[in-house]
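**Q** One file: structure_6.cif (mmCIF, C-alpha atoms and all ligand atoms; chains and numbers go by the auth columns).
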data_my_file
loop_
_atom_site.group_PDB
_atom_site.id
_atom_site.type_symbol
_atom_site.label_atom_id
_atom_site.label_comp_id
_atom_site.label_asym_id
_atom_site.label_seq_id
_atom_site.Cartn_x
_atom_site.Cartn_y
_atom_site.Cartn_z
_atom_site.B_iso_or_equiv
_atom_site.auth_seq_id
_atom_site.auth_asym_id
ATOM 1 C CA MET A 1 14.896 -3.850 -28.768 0.00 183 A
ATOM 2 C CA THR A 2 14.429 -0.533 -26.954 0.00 184 A
ATOM 3 C CA ASP A 3 12.217 1.906 -28.836 0.00 185 A
ATOM 4 C CA THR A 4 14.183 5.175 -28.804 0.00 186 A
ATOM 5 C CA THR A 5 11.650 6.986 -31.006 0.00 187 A
ATOM 6 C CA ARG A 6 8.640 6.823 -28.685 0.00 188 A
ATOM 7 C CA GLN A 7 6.708 10.009 -28.015 0.00 189 A
ATOM 8 C CA ASP A 8 4.126 8.717 -25.555 0.00 190 A
ATOM 9 C CA PHE A 9 6.036 9.057 -22.297 0.00 191 A
ATOM 10 C CA LEU A 10 4.183 7.718 -19.253 0.00 192 A
ATOM 11 C CA ASP A 11 4.249 9.352 -15.851 0.00 193 A
ATOM 12 C CA LEU A 12 6.963 7.371 -14.043 0.00 194 A
ATOM 13 C CA ASN A 13 5.219 8.092 -10.744 0.00 195 A
ATOM 14 C CA LEU A 14 2.732 5.436 -11.876 0.00 196 A
ATOM 15 C CA PHE A 15 5.506 2.880 -11.508 0.00 197 A
ATOM 16 C CA ARG A 16 6.893 4.008 -8.168 0.00 198 A
ATOM 17 C CA GLY A 17 8.391 0.931 -6.576 0.00 199 A
ATOM 18 C CA LEU A 18 6.552 -1.395 -8.898 0.00 200 A
ATOM 19 C CA GLY A 19 9.276 -3.046 -10.924 0.00 201 A
ATOM 20 C CA GLU A 20 7.209 -1.969 -13.964 0.00 202 A
ATOM 21 C CA ASP A 21 5.592 -5.385 -14.227 0.00 203 A
ATOM 22 C CA PRO A 22 2.442 -6.338 -12.326 0.00 204 A
ATOM 23 C CA VAL A 23 3.020 -10.068 -12.701 0.00 205 A
ATOM 24 C CA TYR A 24 4.879 -11.933 -9.982 0.00 206 A
ATOM 25 C CA HIS A 25 7.904 -13.891 -11.181 0.00 207 A
ATOM 26 C CA PRO A 26 9.776 -16.335 -8.948 0.00 208 A
ATOM 27 C CA PRO A 27 13.357 -15.309 -8.202 0.00 209 A
ATOM 28 C CA VAL A 28 15.992 -16.342 -10.726 0.00 210 A
ATOM 29 C CA LEU A 29 19.601 -16.744 -9.658 0.00 211 A
ATOM 30 C CA ALA A 30 21.839 -15.679 -12.527 0.00 212 A
ATOM 31 C CA ASP A 31 25.176 -15.557 -10.745 0.00 213 A
ATOM 32 C CA ARG A 32 25.194 -18.751 -8.653 0.00 214 A
ATOM 33 C CA PRO A 33 23.638 -22.204 -8.552 0.00 215 A
ATOM 34 C CA ARG A 34 20.547 -22.640 -6.397 0.00 216 A
ATOM 35 C CA ASP A 35 22.066 -25.780 -4.873 0.00 217 A
ATOM 36 C CA TRP A 36 25.228 -24.568 -3.206 0.00 218 A
ATOM 37 C CA PRO A 37 27.776 -27.296 -2.380 0.00 219 A
ATOM 38 C CA LEU A 38 28.273 -27.692 1.368 0.00 220 A
ATOM 39 C CA ASP A 39 31.972 -28.422 1.006 0.00 221 A
ATOM 40 C CA ARG A 40 32.212 -24.738 -0.102 0.00 222 A
ATOM 41 C CA TRP A 41 29.787 -23.521 2.604 0.00 223 A
ATOM 42 C CA ALA A 42 32.056 -20.695 3.815 0.00 224 A
ATOM 43 C CA GLU A 43 32.318 -19.199 0.288 0.00 225 A
ATOM 44 C CA ALA A 44 28.565 -18.948 -0.263 0.00 226 A
ATOM 45 C CA PRO A 45 27.446 -15.368 -1.138 0.00 227 A
ATOM 46 C CA ARG A 46 25.423 -13.738 1.603 0.00 228 A
ATOM 47 C CA ASP A 47 23.411 -11.334 -0.563 0.00 229 A
ATOM 48 C CA LEU A 48 20.131 -12.509 -2.082 0.00 230 A
ATOM 49 C CA GLY A 49 21.325 -12.540 -5.677 0.00 231 A
ATOM 50 C CA PHE A 50 17.993 -11.197 -6.982 0.00 232 A
ATOM 51 C CA SER A 51 15.874 -8.086 -6.504 0.00 233 A
ATOM 52 C CA ASP A 52 14.043 -8.421 -3.212 0.00 234 A
ATOM 53 C CA PHE A 53 11.225 -5.908 -3.755 0.00 235 A
ATOM 54 C CA ALA A 54 10.179 -7.390 -7.098 0.00 236 A
ATOM 55 C CA ARG A 55 9.993 -10.773 -5.375 0.00 237 A
ATOM 56 C CA TYR A 56 7.432 -9.855 -2.710 0.00 238 A
ATOM 57 C CA GLN A 57 4.230 -11.757 -3.357 0.00 239 A
ATOM 58 C CA TRP A 58 1.130 -13.093 -1.703 0.00 240 A
ATOM 59 C CA ARG A 59 -0.072 -16.420 -3.066 0.00 241 A
ATOM 60 C CA GLY A 60 1.414 -15.733 -6.495 0.00 242 A
ATOM 61 C CA LEU A 61 0.238 -12.118 -6.783 0.00 243 A
ATOM 62 C CA ARG A 62 2.796 -9.349 -6.695 0.00 244 A
ATOM 63 C CA MET A 63 2.549 -7.403 -3.455 0.00 245 A
ATOM 64 C CA LEU A 64 4.244 -4.061 -3.071 0.00 246 A
ATOM 65 C CA LYS A 65 4.532 -4.201 0.694 0.00 247 A
ATOM 66 C CA ASP A 66 7.770 -5.451 2.188 0.00 248 A
ATOM 67 C CA PRO A 67 7.863 -7.986 5.031 0.00 249 A
ATOM 68 C CA ASP A 68 8.275 -5.346 7.775 0.00 250 A
ATOM 69 C CA THR A 69 5.229 -3.535 6.413 0.00 251 A
ATOM 70 C CA GLN A 70 3.248 -6.774 6.200 0.00 252 A
ATOM 71 C CA ALA A 71 4.161 -7.518 9.827 0.00 253 A
ATOM 72 C CA ALA A 72 2.996 -4.070 10.938 0.00 254 A
ATOM 73 C CA TYR A 73 -0.305 -4.403 9.034 0.00 255 A
ATOM 74 C CA HIS A 74 -0.737 -7.873 10.518 0.00 256 A
ATOM 75 C CA ASP A 75 -0.410 -6.402 14.013 0.00 257 A
ATOM 76 C CA LEU A 76 -2.830 -3.595 13.157 0.00 258 A
ATOM 77 C CA MET A 77 -5.369 -6.134 11.845 0.00 259 A
ATOM 78 C CA VAL A 78 -5.063 -8.143 15.085 0.00 260 A
ATOM 79 C CA GLU A 79 -5.442 -5.035 17.237 0.00 261 A
ATOM 80 C CA LEU A 80 -8.162 -3.154 15.334 0.00 262 A
ATOM 81 C CA ARG A 81 -10.136 -5.952 13.632 0.00 263 A
ATOM 82 C CA PRO A 82 -11.271 -3.519 10.899 0.00 264 A
ATOM 83 C CA ARG A 83 -14.616 -4.109 9.198 0.00 265 A
ATOM 84 C CA THR A 84 -13.438 -2.124 6.167 0.00 266 A
ATOM 85 C CA VAL A 85 -10.068 -1.675 4.473 0.00 267 A
ATOM 86 C CA ILE A 86 -9.899 0.833 1.606 0.00 268 A
ATOM 87 C CA GLU A 87 -6.742 0.999 -0.460 0.00 269 A
ATOM 88 C CA LEU A 88 -6.047 3.705 -3.033 0.00 270 A
ATOM 89 C CA GLY A 89 -3.750 2.107 -5.593 0.00 271 A
ATOM 90 C CA VAL A 90 -4.474 -1.492 -6.601 0.00 272 A
ATOM 91 C CA TYR A 91 -1.783 -2.315 -9.166 0.00 273 A
ATOM 92 C CA SER A 92 -1.688 -6.143 -9.283 0.00 274 A
ATOM 93 C CA GLY A 93 -4.096 -6.457 -6.359 0.00 275 A
ATOM 94 C CA GLY A 94 -1.885 -8.652 -4.162 0.00 276 A
ATOM 95 C CA SER A 95 -2.305 -6.411 -1.147 0.00 277 A
ATOM 96 C CA LEU A 96 -6.130 -6.488 -1.385 0.00 278 A
ATOM 97 C CA VAL A 97 -6.087 -10.281 -1.335 0.00 279 A
ATOM 98 C CA TRP A 98 -3.596 -10.176 1.558 0.00 280 A
ATOM 99 C CA PHE A 99 -5.881 -7.928 3.693 0.00 281 A
ATOM 100 C CA ARG A 100 -8.925 -10.083 2.851 0.00 282 A
ATOM 101 C CA ASP A 101 -7.061 -13.291 3.726 0.00 283 A
ATOM 102 C CA MET A 102 -5.706 -11.872 7.001 0.00 284 A
ATOM 103 C CA ALA A 103 -9.216 -10.919 8.127 0.00 285 A
ATOM 104 C CA GLU A 104 -10.556 -14.327 7.132 0.00 286 A
ATOM 105 C CA LEU A 105 -7.748 -16.144 8.978 0.00 287 A
ATOM 106 C CA MET A 106 -8.313 -13.983 12.046 0.00 288 A
ATOM 107 C CA GLY A 107 -12.024 -14.727 11.919 0.00 289 A
ATOM 108 C CA PHE A 108 -13.703 -11.364 11.436 0.00 290 A
ATOM 109 C CA ASP A 109 -15.854 -9.864 8.670 0.00 291 A
ATOM 110 C CA CYS A 110 -14.014 -7.306 6.576 0.00 292 A
ATOM 111 C CA GLN A 111 -14.799 -5.774 3.213 0.00 293 A
ATOM 112 C CA VAL A 112 -11.754 -4.734 1.203 0.00 294 A
ATOM 113 C CA LEU A 113 -12.121 -1.983 -1.414 0.00 295 A
ATOM 114 C CA GLY A 114 -9.517 -1.074 -3.997 0.00 296 A
ATOM 115 C CA ILE A 115 -9.591 2.118 -6.062 0.00 297 A
ATOM 116 C CA ASP A 116 -7.281 2.715 -9.007 0.00 298 A
ATOM 117 C CA ARG A 117 -7.501 4.804 -12.150 0.00 299 A
ATOM 118 C CA ASP A 118 -6.151 1.875 -14.161 0.00 300 A
ATOM 119 C CA LEU A 119 -7.395 -1.569 -13.185 0.00 301 A
ATOM 120 C CA SER A 120 -6.003 -3.198 -16.326 0.00 302 A
ATOM 121 C CA ARG A 121 -2.952 -4.349 -14.362 0.00 303 A
ATOM 122 C CA CYS A 122 -4.986 -6.038 -11.610 0.00 304 A
ATOM 123 C CA GLN A 123 -4.230 -9.775 -11.558 0.00 305 A
ATOM 124 C CA ILE A 124 -6.781 -11.037 -9.006 0.00 306 A
ATOM 125 C CA PRO A 125 -8.590 -14.047 -10.516 0.00 307 A
ATOM 126 C CA GLU A 126 -12.410 -13.895 -10.500 0.00 308 A
ATOM 127 C CA SER A 127 -12.483 -16.841 -8.078 0.00 309 A
ATOM 128 C CA GLU A 128 -10.480 -14.830 -5.505 0.00 310 A
ATOM 129 C CA MET A 129 -12.776 -11.786 -5.355 0.00 311 A
ATOM 130 C CA LYS A 130 -14.752 -12.764 -2.218 0.00 312 A
ATOM 131 C CA ASN A 131 -15.122 -9.679 0.049 0.00 313 A
ATOM 132 C CA ILE A 132 -13.069 -7.590 -2.379 0.00 314 A
ATOM 133 C CA SER A 133 -14.512 -4.848 -4.559 0.00 315 A
ATOM 134 C CA LEU A 134 -12.729 -2.782 -7.163 0.00 316 A
ATOM 135 C CA ARG A 135 -13.519 0.653 -8.505 0.00 317 A
ATOM 136 C CA GLU A 136 -11.817 2.335 -11.430 0.00 318 A
ATOM 137 C CA ALA A 137 -11.617 6.021 -10.608 0.00 319 A
ATOM 138 C CA ASP A 138 -9.176 8.872 -10.267 0.00 320 A
ATOM 139 C CA CYS A 139 -8.181 10.050 -6.809 0.00 321 A
ATOM 140 C CA SER A 140 -7.736 13.587 -8.030 0.00 322 A
ATOM 141 C CA ASP A 141 -11.554 13.846 -8.146 0.00 323 A
ATOM 142 C CA LEU A 142 -13.019 13.898 -4.634 0.00 324 A
ATOM 143 C CA ALA A 143 -16.365 12.712 -6.034 0.00 325 A
ATOM 144 C CA THR A 144 -14.616 9.309 -6.290 0.00 326 A
ATOM 145 C CA PHE A 145 -15.010 8.930 -2.522 0.00 327 A
ATOM 146 C CA GLU A 146 -18.680 9.815 -2.065 0.00 328 A
ATOM 147 C CA HIS A 147 -19.776 6.161 -2.168 0.00 329 A
ATOM 148 C CA LEU A 148 -17.577 5.363 0.830 0.00 330 A
ATOM 149 C CA ARG A 149 -19.592 7.259 3.419 0.00 331 A
ATOM 150 C CA ASP A 150 -21.686 4.390 4.817 0.00 332 A
ATOM 151 C CA LEU A 151 -19.094 1.659 5.256 0.00 333 A
ATOM 152 C CA PRO A 152 -18.765 -0.282 8.523 0.00 334 A
ATOM 153 C CA HIS A 153 -16.163 0.700 11.128 0.00 335 A
ATOM 154 C CA PRO A 154 -13.461 0.298 12.364 0.00 336 A
ATOM 155 C CA LEU A 155 -11.978 1.363 9.060 0.00 337 A
ATOM 156 C CA VAL A 156 -8.461 1.576 7.646 0.00 338 A
ATOM 157 C CA PHE A 157 -7.923 3.912 4.702 0.00 339 A
ATOM 158 C CA ILE A 158 -4.574 3.449 2.934 0.00 340 A
ATOM 159 C CA ASP A 159 -3.202 5.938 0.434 0.00 341 A
ATOM 160 C CA ASP A 160 -0.894 3.965 -1.837 0.00 342 A
ATOM 161 C CA ALA A 161 -1.701 6.011 -4.973 0.00 343 A
ATOM 162 C CA HIS A 162 -0.230 9.294 -3.747 0.00 344 A
ATOM 163 C CA ALA A 163 -2.375 11.654 -5.768 0.00 345 A
ATOM 164 C CA ASN A 164 -4.333 14.439 -4.059 0.00 346 A
ATOM 165 C CA THR A 165 -3.428 12.928 -0.664 0.00 347 A
ATOM 166 C CA PHE A 166 -4.099 15.869 1.630 0.00 348 A
ATOM 167 C CA ASN A 167 -7.417 16.804 0.025 0.00 349 A
ATOM 168 C CA ILE A 168 -8.485 13.164 0.389 0.00 350 A
ATOM 169 C CA LEU A 169 -7.325 13.250 3.997 0.00 351 A
ATOM 170 C CA ARG A 170 -9.394 16.411 4.601 0.00 352 A
ATOM 171 C CA TRP A 171 -12.432 14.761 3.006 0.00 353 A
ATOM 172 C CA SER A 172 -11.901 11.609 5.073 0.00 354 A
ATOM 173 C CA VAL A 173 -11.633 13.502 8.336 0.00 355 A
ATOM 174 C CA ASP A 174 -14.757 15.530 7.488 0.00 356 A
ATOM 175 C CA HIS A 175 -16.916 12.685 6.168 0.00 357 A
ATOM 176 C CA LEU A 176 -15.521 9.243 6.871 0.00 358 A
ATOM 177 C CA LEU A 177 -13.170 8.585 9.770 0.00 359 A
ATOM 178 C CA HIS A 178 -14.600 7.765 13.175 0.00 360 A
ATOM 179 C CA GLU A 179 -12.581 7.796 16.366 0.00 361 A
ATOM 180 C CA GLY A 180 -9.994 4.994 16.231 0.00 362 A
ATOM 181 C CA ASP A 181 -10.060 4.680 12.413 0.00 363 A
ATOM 182 C CA TYR A 182 -6.791 4.960 10.496 0.00 364 A
ATOM 183 C CA PHE A 183 -5.547 6.934 7.510 0.00 365 A
ATOM 184 C CA ILE A 184 -2.180 5.612 6.361 0.00 366 A
ATOM 185 C CA ILE A 185 0.094 7.403 3.917 0.00 367 A
ATOM 186 C CA GLU A 186 2.498 4.807 2.546 0.00 368 A
ATOM 187 C CA ASP A 187 5.930 5.364 1.067 0.00 369 A
ATOM 188 C CA MET A 188 5.864 9.098 0.433 0.00 370 A
ATOM 189 C CA ILE A 189 6.477 10.900 3.718 0.00 371 A
ATOM 190 C CA PRO A 190 10.323 10.714 3.551 0.00 372 A
ATOM 191 C CA TYR A 191 10.286 12.072 -0.026 0.00 373 A
ATOM 192 C CA TRP A 192 7.834 14.843 0.718 0.00 374 A
ATOM 193 C CA TYR A 193 9.835 15.715 3.821 0.00 375 A
ATOM 194 C CA ARG A 194 13.016 15.852 1.763 0.00 376 A
ATOM 195 C CA TYR A 195 11.656 18.090 -0.977 0.00 377 A
ATOM 196 C CA SER A 196 8.906 20.096 0.755 0.00 378 A
ATOM 197 C CA PRO A 197 9.578 19.939 4.503 0.00 379 A
ATOM 198 C CA LYS A 198 7.770 23.167 5.347 0.00 380 A
ATOM 199 C CA LEU A 199 4.619 22.356 3.384 0.00 381 A
ATOM 200 C CA LEU A 200 4.477 18.785 4.656 0.00 382 A
ATOM 201 C CA THR A 201 4.836 19.891 8.271 0.00 383 A
ATOM 202 C CA GLU A 202 2.203 22.581 7.730 0.00 384 A
ATOM 203 C CA TYR A 203 -0.218 20.179 6.009 0.00 385 A
ATOM 204 C CA LEU A 204 0.064 17.578 8.763 0.00 386 A
ATOM 205 C CA ALA A 205 -0.298 20.218 11.470 0.00 387 A
ATOM 206 C CA ALA A 206 -3.612 21.238 9.872 0.00 388 A
ATOM 207 C CA PHE A 207 -5.028 17.951 11.237 0.00 389 A
ATOM 208 C CA ALA A 208 -3.597 18.282 14.755 0.00 390 A
ATOM 209 C CA GLY A 209 -7.030 18.603 16.347 0.00 391 A
ATOM 210 C CA GLU A 210 -8.397 15.508 14.626 0.00 392 A
ATOM 211 C CA LEU A 211 -5.590 13.034 13.995 0.00 393 A
ATOM 212 C CA SER A 212 -2.490 11.825 15.771 0.00 394 A
ATOM 213 C CA MET A 213 0.392 9.659 14.644 0.00 395 A
ATOM 214 C CA ASP A 214 0.248 6.135 16.063 0.00 396 A
ATOM 215 C CA MET A 215 3.825 5.571 17.242 0.00 397 A
ATOM 216 C CA VAL A 216 3.385 1.803 17.506 0.00 398 A
ATOM 217 C CA TYR A 217 3.181 1.569 13.711 0.00 399 A
ATOM 218 C CA ALA A 218 4.648 4.865 12.477 0.00 400 A
ATOM 219 C CA ASN A 219 8.243 3.607 12.602 0.00 401 A
ATOM 220 C CA ALA A 220 7.538 -0.094 12.125 0.00 402 A
ATOM 221 C CA SER A 221 8.741 -0.125 8.510 0.00 403 A
ATOM 222 C CA SER A 222 10.281 2.316 6.067 0.00 404 A
ATOM 223 C CA GLN A 223 7.131 2.179 3.904 0.00 405 A
ATOM 224 C CA LEU A 224 5.006 3.326 6.851 0.00 406 A
ATOM 225 C CA GLU A 225 7.454 5.924 8.144 0.00 407 A
ATOM 226 C CA ARG A 226 5.578 8.619 10.072 0.00 408 A
ATOM 227 C CA GLY A 227 2.490 8.112 7.920 0.00 409 A
ATOM 228 C CA VAL A 228 0.234 6.088 10.243 0.00 410 A
ATOM 229 C CA LEU A 229 -2.464 8.493 11.383 0.00 411 A
ATOM 230 C CA ARG A 230 -5.348 7.708 13.714 0.00 412 A
ATOM 231 C CA ARG A 231 -8.534 9.617 14.336 0.00 413 A
ATOM 232 C CA SER A 232 -8.075 10.710 17.893 0.00 414 A
ATOM 233 C CA ALA A 233 -11.099 12.865 18.637 0.00 415 A
ATOM 234 C CA PRO A 234 -14.794 12.048 18.223 0.00 416 A
ATOM 235 C CA LYS A 235 -16.315 13.077 14.875 0.00 417 A
ATOM 236 C CA ALA A 236 -17.723 16.616 15.158 0.00 418 A
HETATM 237 N N1 LIG B . -1.375 -1.044 -3.186 0.00 501 A
HETATM 238 C C1 LIG B . -0.616 -1.859 -4.105 0.00 501 A
HETATM 239 C C2 LIG B . 0.209 -2.855 -3.303 0.00 501 A
HETATM 240 O O1 LIG B . 0.547 -2.581 -2.143 0.00 501 A
HETATM 241 O O2 LIG B . 0.531 -3.923 -3.859 0.00 501 A
HETATM 242 C C3 LIG B . 0.290 -1.048 -5.000 0.00 501 A
HETATM 243 C C4 LIG B . -0.266 0.230 -5.591 0.00 501 A
HETATM 244 S S1 LIG B . 0.883 1.064 -6.648 0.00 501 A
HETATM 245 C C5 LIG B . 2.145 1.591 -5.533 0.00 501 A
HETATM 246 C C6 LIG B . 0.149 2.595 -7.081 0.00 501 A
HETATM 247 C C7 LIG B . -1.113 2.555 -7.920 0.00 501 A
HETATM 248 O O3 LIG B . -1.715 3.842 -7.838 0.00 501 A
HETATM 249 C C8 LIG B . -0.924 2.265 -9.400 0.00 501 A
HETATM 250 O O4 LIG B . -1.624 1.080 -9.749 0.00 501 A
HETATM 251 C C9 LIG B . -1.547 3.495 -10.125 0.00 501 A
HETATM 252 O O5 LIG B . -2.347 3.171 -11.250 0.00 501 A
HETATM 253 C C10 LIG B . -2.427 4.087 -9.023 0.00 501 A
HETATM 254 N N2 LIG B . -2.632 5.533 -9.175 0.00 501 A
HETATM 255 C C11 LIG B . -1.699 6.491 -9.431 0.00 501 A
HETATM 256 N N3 LIG B . -2.281 7.686 -9.516 0.00 501 A
HETATM 257 C C12 LIG B . -3.622 7.505 -9.321 0.00 501 A
HETATM 258 C C13 LIG B . -4.750 8.379 -9.300 0.00 501 A
HETATM 259 N N4 LIG B . -4.635 9.694 -9.514 0.00 501 A
HETATM 260 N N5 LIG B . -5.968 7.832 -9.056 0.00 501 A
HETATM 261 C C14 LIG B . -6.103 6.504 -8.844 0.00 501 A
HETATM 262 N N6 LIG B . -5.069 5.625 -8.862 0.00 501 A
HETATM 263 C C15 LIG B . -3.841 6.125 -9.098 0.00 501 A
HETATM 264 MG MG MG B . 2.990 1.294 -1.019 0.00 502 A
#
Rewrite the structure from the file as structure tokens, please.
**A**
Amino acid sequence: MTDTTRQDFLDLNLFRGLGEDPVYHPPVLADRPRDWPLDRWAEAPRDLGFSDFARYQWRGLRMLKDPDTQAAYHDLMVELRPRTVIELGVYSGGSLVWFRDMAELMGFDCQVLGIDRDLSRCQIPESEMKNISLREADCSDLATFEHLRDLPHPLVFIDDAHANTFNILRWSVDHLLHEGDYFIIEDMIPYWYRYSPKLLTEYLAAFAGELSMDMVYANASSQLERGVLRRSAPKA
């Protein structure tokens, strides 16, 4: 039963796009049989019949990246062959395993690092942690990133936590990103543009001398919309 007396309201931003449940569940069809009779082929519904985003998974772990986004990251992995992928926002950890597996399948060494202020929802089994490291820390504190300075390049830095993004971007440009490395802001650009268009435009313009938008990937999926930034000039 729903508890209508609760006082401990959580920040719903924590659950942005998450389905509020870190565990992957196979799709359940409530409104139709799974085996549709072929003598009624023309009447078969053409919608999925279940929530698509909650269904996205990688090897049984929930993954909050849709297929278009996975395809774009696949292409980026092929093109860049990153030695390091850092992702802010772990949640169930499916995307960390996905990046690790892609690198392994493509045959290059890549360390994958996940940072989240709450790792209690991470579902990666101990046996699946090869080349993956986790750190419980808050992105609002820039000291969280100090240990990242000496990682191998090329490097892809993904913000999927959406806290303190532009200060982290400033820190990354000043201390981390080499020419050709990526900083990717997932999911948020359309919302920020809707509610704070002037500030967003101003914030992005502050990096004009150091970063550019990579138009191969910047419109490849709605989750990556205009948030795929590449270090364009040599580090000062
Ligand atoms: N990257 C995952 C994927 O693609 O499957 C999903 C990450 S989920 C969208 C966002 C995560 O960001 C949540 O697990 C939440 O705990 C984390 N988060 C939110 N605010 C944070 C903060 N200030 N510092 C660190 N992590 C934060
Ligand atoms: Mg995301």
**Q** Pull out every residue that the PyMOL selection byres (((chain A and resi 212) around 12) and not hetatm) matches in the shown coordinates and put them as a ChimeraX atom specification.
**A** /A:209-211,213-216,230-233
**Q** Give me a file of those residues, with C-alpha atoms, as a compact mmCIF listing (two decimals), in the frame of the given file.
**A**
# COMPACT_ATOMS: atom_id res chain seq x y z
CA PRO A 209 13.36 -15.31 -8.20
CA VAL A 210 15.99 -16.34 -10.73
CA LEU A 211 19.60 -16.74 -9.66
CA ASP A 213 25.18 -15.56 -10.74
CA ARG A 214 25.19 -18.75 -8.65
CA PRO A 215 23.64 -22.20 -8.55
CA ARG A 216 20.55 -22.64 -6.40
CA LEU A 230 20.13 -12.51 -2.08
CA GLY A 231 21.32 -12.54 -5.68
CA PHE A 232 17.99 -11.20 -6.98
CA SER A 233 15.87 -8.09 -6.50
**Q** Looking at all atoms listed in the file, which of A:Leu382, A:Met284, A:Leu406, A:Leu301 is the one that sits closest to ligand LIG 501 (chain A)?
**A**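 Nearest candidate to ligand LIG 501 (chain A) out of A:Leu382, A:Met284, A:Leu406, A:Leu301: A:Leu301.
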**Q** Rank A:Ser414, A:Gln405, A:Gln239, A:Thr186 by their smallest atom-to-atom distance to ligand MG 502 (chain A), using all atoms listed in the file, and report the top residue only.
**A**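 Looking only at the distances to ligand MG 502 (chain A), the closest residue turns out to be A:Gln405.
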**Q** Output the neighbourhood of ligand LIG 501 (chain A) as JSON, numbers by chain, that is, all protein and nucleic acid residues with some atom at most 7 Å from the ligand, counting only C-alpha atoms and all ligand atoms.
**A** {"A": [196, 197, 198, 199, 200, 244, 245, 246, 247, 269, 270, 271, 272, 273, 274, 275, 276, 277, 297, 298, 299, 300, 319, 320, 321, 322, 342, 343, 344, 345]}
**Q** Restricting it to C-alpha atoms, dump the selection as a short mmCIF file (atom, residue, chain, number, x, y, z; two decimals), keeping the file's coordinate frame.
**A**
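Below is the file out_16.cif, written as the result:
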data_model
loop_
_atom_site.label_atom_id
_atom_site.label_comp_id
_atom_site.auth_asym_id
_atom_site.auth_seq_id
_atom_site.Cartn_x
_atom_site.Cartn_y
_atom_site.Cartn_z
CA LEU A 196 2.73 5.44 -11.88
CA PHE A 197 5.51 2.88 -11.51
CA ARG A 198 6.89 4.01 -8.17
CA GLY A 199 8.39 0.93 -6.58
CA LEU A 200 6.55 -1.40 -8.90
CA ARG A 244 2.80 -9.35 -6.70
CA MET A 245 2.55 -7.40 -3.46
CA LEU A 246 4.24 -4.06 -3.07
CA LYS A 247 4.53 -4.20 0.69
CA GLU A 269 -6.74 1.00 -0.46
CA LEU A 270 -6.05 3.70 -3.03
CA GLY A 271 -3.75 2.11 -5.59
CA VAL A 272 -4.47 -1.49 -6.60
CA TYR A 273 -1.78 -2.32 -9.17
CA SER A 274 -1.69 -6.14 -9.28
CA GLY A 275 -4.10 -6.46 -6.36
CA GLY A 276 -1.88 -8.65 -4.16
CA SER A 277 -2.31 -6.41 -1.15
CA ILE A 297 -9.59 2.12 -6.06
CA ASP A 298 -7.28 2.72 -9.01
CA ARG A 299 -7.50 4.80 -12.15
CA ASP A 300 -6.15 1.88 -14.16
CA ALA A 319 -11.62 6.02 -10.61
CA ASP A 320 -9.18 8.87 -10.27
CA CYS A 321 -8.18 10.05 -6.81
CA SER A 322 -7.74 13.59 -8.03
CA ASP A 342 -0.89 3.96 -1.84
CA ALA A 343 -1.70 6.01 -4.97
CA HIS A 344 -0.23 9.29 -3.75
CA ALA A 345 -2.38 11.65 -5.77
#
**Q** For CA of Asn195 (chain A) and CA of Leu330 (chain A), quote the distance in Å rounded to one decimal.
**A**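 Between CA of Asn195 (chain A) and CA of Leu330 (chain A) the gap is 25.7 Å.
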**Q** Within 9 Å of Asn313 (chain A), counting only C-alpha atoms, which residues qualify if same-chain residues fewer than 4 places away don't, as a list in words?
**A**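 Near neighbours after the sequence-gap exclusion: Arg282, Asp291, Cys292, Gln293, Val294 and Leu295 of chain A.
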**Q** Could you make a table, as CSV, of the residues of region 227-337 of chain A that have an atom within 10 Å of an atom of region 395-398 of chain A, each with its nearest atom pair and distance in Å to one decimal, counting all atoms listed in the file, in chain and number order?
**A**
residue,atom,partner,partner_atom,distance
A:Ala254,CA,A:Val398,CA,8.8
A:Asp257,CA,A:Val398,CA,9.7
A:Leu258,CA,A:Val398,CA,9.3
**Q** Would you list the contacts of Pro249 (chain A) as a PyMOL selection string, taking every protein, DNA or RNA residue within 10 Å and counting all atoms listed in the file, but skipping same-chain residues closer than 6 positions in sequence?
**A** chain A and resi 235+238-239+255+403
**Q** Of the candidates A:Tyr364, A:Trp223, A:Phe191, A:Trp240, which shows the shortest atom-to-atom distance to Leu393 (chain A), using all atoms listed in the file?
**A**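 Ranked by minimum distance to Leu393 (chain A), first place goes to A:Tyr364.
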**Q** Kindly indicate which residue among A:Pro204, A:Asp248, A:Arg263, A:Ser309 lies nearest to ligand MG 502 (chain A), using only C-alpha atoms and all ligand atoms for the distances.
**A**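 Of A:Pro204, A:Asp248, A:Arg263, A:Ser309, the one nearest ligand MG 502 (chain A) is A:Asp248, counting only C-alpha atoms and all ligand atoms.
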**Q** For a quick check of understanding, using all atoms listed in the file, which of A:Ala400, A:Leu192, A:Val279, A:Ala236 has the smallest distance to Ser315 (chain A)?
**A**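 Closest residue, counting all atoms listed in the file: A:Val279.
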**Q** Would you mind reading off the distance between CA of Arg241 (chain A) and CA of Trp280 (chain A), one decimal, in Å?
**A**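 Value for the CA of Arg241 (chain A)-CA of Trp280 (chain A) distance: 8.5 Å.
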**Q** In Å, rounded to a single decimal, give me how far CA of Trp353 (chain A) is from CA of Phe389 (chain A).
**A**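 So the two atoms, CA of Phe389 (chain A) and CA of Trp353 (chain A), lie 11.5 Å apart.
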**Q** Identify which of the residues A:Ile350, A:Leu278, A:Val205, A:Ala387 lies closest to ligand MG 502 (chain A), counting all atoms listed in the file when measuring atom-to-atom distances.
**A** A:Leu278
**Q** Centre and edge lengths, as JSON, for the axis-aligned box enclosing every listed atom of region 348-364 of chain A with 3 Å of padding on each of the six sides, in Å to one decimal?
**A**
{"center_x": -10.5, "center_y": 10.7, "center_z": 8.2, "size_x": 18.8, "size_y": 18.1, "size_z": 22.3}
**Q** Evaluate the PyMOL selection byres (((chain A and resi 331) around 10) and not hetatm) here and jot the selected residues down as a ChimeraX atom specification.
**A** /A:327-330,332-334,354,357-359
